[in-house]
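Working notes, structure below.
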Amino acid sequence: MVTDSTPPIDSYASLRIPDFRYFVMNSFLMTVTLLIQEVILGYELYKITHDPLALGLVGLAEALPFIALSLFGGHLADRRDKKRILQWSSLVILFGSVILYFVFQPSVVAGLSQTVRLATIYGVLMLIGTAKGFYSPASSSLKPFLVPRELYANSATWSSSFWQAGAIVGPGVAGFIYNWVGFDNTLIVVIGLFAVCLFLISLIKSKPVPVNEAPTQSLRESLKEGFRFVFKTRIVLYAISLDLFSVLFGGVVAILPVFAEDILHVGAEGLGFLRAAPSIGALLTMAYMTKHPPTHNAWRNMLLAVAGFGVATIVFSLSTNIYLSLIMLALTGAFDSVSVIIRQTILQIFPPDHMRGRVAAVNGIFVSSSNEIGAFESGLLARLLGTVPSVALGGVVTLGVVAYVYTRSKELFAVRLS
């Protein structure tokens with residue numbers, strides 16, 4: 001029972017911990033930088049090819065190595081210094097950006113056919129996807145070691161907020177930088193920002209590798225153990241499954257250049273606003289959730305949020321007005337932020353310390369499948385069905401997934417995360 005003597009909730013508790021501050025600052029800047037690169041590269045590719053499938057292949061090129069290596073990355077994160085893994089992975093991502101810069105130099109372009117040039121770009125994206133296969137589980141499994149257990153929900157909210165802030169700033173400034181300094185010089189900015197990320201990671205103190213009292217396992221058994229935990233823990237399984245299917249079918253981010261160019265006619269700057277809109281909605285929602293977390297009736301809130309995401313996606317697909325489109329995209333971000341907070345809290349509470357890397361890797365595979373493979377699915381369906389019908393269909397499928405999960409998970413309404 002709450003009384004007058006109950007201490008007030010400190011919304012900034014996690015941010016008072018130096019290592020966590022460095023962690024979320026790196027998360028913010030890494031997100032900004034990756035998204036600047038993604039936006040300008042996607043726009044440049046669409047200008048070169050005028051094919052939505054080329055945009056979808058960007059996601060697929062990153063997803064394939066990520067999925068192939070993420071489980072091993074999680075296995076490694078449970079047994080090695082997570083900070084070192086983050087540093088080496090970030091260095092490889094920076095190296096990939098350097099290669100992209102040279103691929104777009106006029107002297108190089110003149111000597112390459114379009115096919116070879118595109119193949120090189122997708123090859124670099126596969127290299128970046130490989131690095132992210134190690135970076136993602138190491139980052140996710142490091143976070144719970146930076147704050148005490150009672151701050152897990154608070155840290156999940158703040159880490160998601162910094163990520164969403166990065167997702168606003170990245171696309172928002174990408175179009176402007178692209179217009180002001182051109183594609184090549186924007187890549188130079190990207191390379192510099194990646195270097196700052198490496199510095200921020202170096203400020204985090206290395207954390208001890210958790211001791212596993214179980215007998216030494218083979219790599220195969222170690223990976224199987226991570227999958228077994230996810231599939232036997234229903235709240236974990238359904239939480240990441242909802243994200244998988246909603247973004248896989250309902251995500252629209254990958255083909256926003258098509259909306260910007262051919263449907264809404266707003267150009268590169270308009271694309272920046274479209275890309276930033278979901279994260280603006282998410283950040284505003286997360287600011288509210290620092291004081292009013294959605295974890296009390298967590299499963300009810302999760303299902304309602306994903307359903308809202310589906311409805312907003314359908315309305316966006318039918319809109320030809322830039323302002324209505326921006327509002328609907330902001331709502332998709334707002335609804336998605338609720339599910340992200342709940343899912344991250346679940347993933348911090350339920351896995352044991354010695355399995356966090358592998359569980360994070362399994363979650364990363366689901367997330368990558370929904371984002372990157374979802375991007376490929378969006379591009380492919382847009383080509384086959386048309387852009388508007390494919391997005392509308394995705395929203396309808398999302399609502400169907402919510403209805404199915406609701407019938408299979410009614411016992412989870414009793415779970416309390418706070």
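Chain labels A, B, ... are given in the sequence in which chains occur in the structure tokens; within each chain residues are numbered consecutively from 1, and ligands are likewise numbered from 1 in the order shown.
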Exercise. Residues at most 7 Å from region 118-135 of chain A, counting only C-alpha atoms, excluding those fewer than 6 positions away in the same chain, as a PyMOL selection string?
Worked result: chain A and resi 58+61-63+65-67+69-70+73+85-86+89+92-93+96+100
Just the selected residues (N, CA and C atoms), exported as a CSV table (one decimal), in the first residue's frame, please.
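Just written: out.csv:
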```
chain,number,residue,atom,x,y,z
A,58,VAL,N,18.5,-4.3,-49.4
A,58,VAL,CA,19.3,-3.7,-48.4
A,58,VAL,C,19.1,-4.5,-47.0
A,61,ALA,N,20.4,-8.2,-47.2
A,61,ALA,CA,21.8,-8.3,-47.2
A,61,ALA,C,22.4,-8.2,-45.8
A,62,GLU,N,21.8,-7.4,-44.9
A,62,GLU,CA,22.2,-7.3,-43.5
A,62,GLU,C,21.6,-8.4,-42.7
A,63,ALA,N,20.4,-8.9,-43.0
A,63,ALA,CA,19.8,-9.9,-42.2
A,63,ALA,C,20.4,-11.3,-42.3
A,65,PRO,N,23.6,-12.5,-42.8
A,65,PRO,CA,24.7,-12.8,-41.9
A,65,PRO,C,24.4,-12.6,-40.5
A,66,PHE,N,23.5,-11.6,-40.2
A,66,PHE,CA,23.1,-11.4,-38.8
A,66,PHE,C,22.4,-12.7,-38.2
A,67,ILE,N,21.5,-13.2,-38.9
A,67,ILE,CA,20.8,-14.4,-38.4
A,67,ILE,C,21.7,-15.6,-38.4
A,69,LEU,N,24.9,-15.6,-37.7
A,69,LEU,CA,26.0,-15.5,-36.7
A,69,LEU,C,25.5,-15.1,-35.4
A,70,SER,N,24.3,-14.6,-35.3
A,70,SER,CA,23.8,-14.0,-34.0
A,70,SER,C,23.8,-15.0,-32.9
A,73,GLY,N,27.2,-15.2,-31.8
A,73,GLY,CA,27.5,-14.0,-31.1
A,73,GLY,C,27.0,-14.0,-29.6
A,85,ILE,N,33.8,-7.1,-27.3
A,85,ILE,CA,33.0,-7.5,-28.5
A,85,ILE,C,32.4,-6.3,-29.2
A,86,LEU,N,31.9,-5.4,-28.3
A,86,LEU,CA,31.3,-4.2,-28.9
A,86,LEU,C,32.3,-3.3,-29.6
A,89,SER,N,33.3,-5.1,-33.0
A,89,SER,CA,32.1,-5.0,-33.9
A,89,SER,C,32.0,-3.6,-34.5
A,92,VAL,N,34.5,-2.9,-37.2
A,92,VAL,CA,34.1,-3.5,-38.5
A,92,VAL,C,33.1,-2.7,-39.2
A,93,ILE,N,32.1,-2.2,-38.4
A,93,ILE,CA,31.0,-1.4,-39.0
A,93,ILE,C,31.6,-0.1,-39.6
A,96,GLY,N,33.3,-0.8,-42.8
A,96,GLY,CA,32.3,-1.0,-43.9
A,96,GLY,C,31.9,0.3,-44.5
A,100,LEU,N,32.2,1.9,-48.3
A,100,LEU,CA,31.1,2.5,-49.1
A,100,LEU,C,31.5,3.9,-49.6
```
Problem set entry | alpha helix (DSSP H) residues, from DSSP on the backbone, in region 100-296 of chain A, as a ChimeraX atom specification | /A:100-103,106-109,114-142,152-203,219-232,234-250,256-258,267-289
For this session: Have a look at CA of Lys291 (chain A) and CA of Ala153 (chain A) and let me know their distance in Å, one decimal.
Result: 10.9 Å
Problem set entry | Between CA of Leu381 (chain A) and CA of Tyr323 (chain A), distance in Å (one decimal) |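 Interatomic distance here is 25.2 Å.
Distances to Val402 (chain A) were evaluated for A:Ile235, A:Leu29, A:Leu326, A:Leu303 using only C-alpha atoms, and the minimum falls at A:Leu303.
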For this session: For Val340 (chain A), please output as a PyMOL selection string all residues within 9 Å (counting only C-alpha atoms; exclusion window: fewer than 2 positions along the same chain).
Result: chain A and resi 156-157+160+243+302+335-338+342-345
Could you save those same residues with N, CA, C and O atoms as a compact mmCIF listing (two decimals), in the first residue's frame?
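Written output follows (out_35.txt):
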```txt
# COMPACT_ATOMS: atom_id res chain seq x y z
N ALA A 156 15.18 -0.02 -19.00
CA ALA A 156 14.59 -0.39 -20.29
C ALA A 156 13.93 0.80 -20.94
O ALA A 156 14.03 1.02 -22.15
N THR A 157 13.23 1.61 -20.12
CA THR A 157 12.57 2.80 -20.65
C THR A 157 13.59 3.80 -21.18
O THR A 157 13.44 4.34 -22.28
N SER A 160 15.51 2.48 -24.32
CA SER A 160 14.61 2.57 -25.48
C SER A 160 14.40 4.02 -25.90
O SER A 160 14.33 4.33 -27.09
N ASP A 243 6.42 -9.08 -31.87
CA ASP A 243 7.26 -8.11 -32.57
C ASP A 243 7.64 -8.63 -33.94
O ASP A 243 7.61 -7.89 -34.93
N MET A 302 0.44 -4.96 -24.09
CA MET A 302 1.21 -5.45 -25.23
C MET A 302 0.29 -5.72 -26.42
O MET A 302 0.55 -5.27 -27.55
N PHE A 335 2.77 3.23 -30.49
CA PHE A 335 2.31 1.89 -30.11
C PHE A 335 3.49 0.92 -30.01
O PHE A 335 3.54 0.09 -29.10
N ASP A 336 4.43 1.03 -30.94
CA ASP A 336 5.57 0.12 -30.91
C ASP A 336 6.41 0.34 -29.66
O ASP A 336 6.96 -0.62 -29.10
N SER A 337 6.52 1.58 -29.20
CA SER A 337 7.34 1.86 -28.01
C SER A 337 6.79 1.17 -26.78
O SER A 337 7.55 0.73 -25.90
N VAL A 338 5.46 1.05 -26.68
CA VAL A 338 4.86 0.36 -25.54
C VAL A 338 5.29 -1.11 -25.54
O VAL A 338 5.72 -1.66 -24.52
N ILE A 342 7.82 -3.20 -22.75
CA ILE A 342 7.38 -4.43 -22.09
C ILE A 342 8.30 -5.58 -22.45
O ILE A 342 8.72 -6.36 -21.58
N ARG A 343 8.64 -5.71 -23.73
CA ARG A 343 9.49 -6.83 -24.15
C ARG A 343 10.88 -6.72 -23.52
O ARG A 343 11.44 -7.72 -23.06
N GLN A 344 11.47 -5.53 -23.49
CA GLN A 344 12.79 -5.39 -22.90
C GLN A 344 12.78 -5.70 -21.41
O GLN A 344 13.73 -6.28 -20.88
N THR A 345 11.72 -5.29 -20.73
CA THR A 345 11.62 -5.60 -19.31
C THR A 345 11.52 -7.11 -19.10
O THR A 345 12.17 -7.68 -18.22
```
Problem set entry | Two-atom distance - CA of Tyr406 (chain A), CA of Gly394 (chain A) (Å) |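 Here the two named atoms are 18.5 Å from each other.
The closest residue to Val169 (chain A), picked from A:Phe28, A:Phe95, A:Phe104, A:Tyr22 and counting only C-alpha atoms, is A:Phe28.
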Problem set entry | Residue nearest Val190 (chain A) - candidates A:Ile346, A:Val39, A:Leu64, A:Val405, atoms counted: only C-alpha atoms |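 Of the candidates, the smallest distance to Val190 (chain A) is held by A:Val39.
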Problem set entry | Contacts of Met328 (chain A) at 12 Å (only C-alpha atoms; same-chain gap of 5+ positions) as a ChimeraX atom specification | /A:252,274-275,277-282,308-323,333-335
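Compared by their closest atoms to Tyr238 (chain A), and using only C-alpha atoms, the residues A:Tyr12, A:Pro352, A:Leu45, A:Leu347 rank with A:Leu347 nearest.
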Exercise. Using only C-alpha atoms, which residue out of A:Gly267, A:Lys83, A:Val388, A:Gly42 lies closest to Ile201 (chain A)?
Worked result: A:Lys83
Problem set entry | Nearest-residue call for Leu71 (chain A), choices A:Phe227, A:Phe350, A:Tyr43, A:Phe183, using only C-alpha atoms | A:Phe227
Exercise. Leaving out Pro294 (chain A) and any residue of its chain fewer than 3 positions from it, which residues lie within 8 Å of it when counting only C-alpha atoms, given as a list in words?
Worked result: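 Close residues of Pro294 (chain A): Met289, Asn297, Ala298, Asn301, Val338, Ile341 and Ile342 of chain A.
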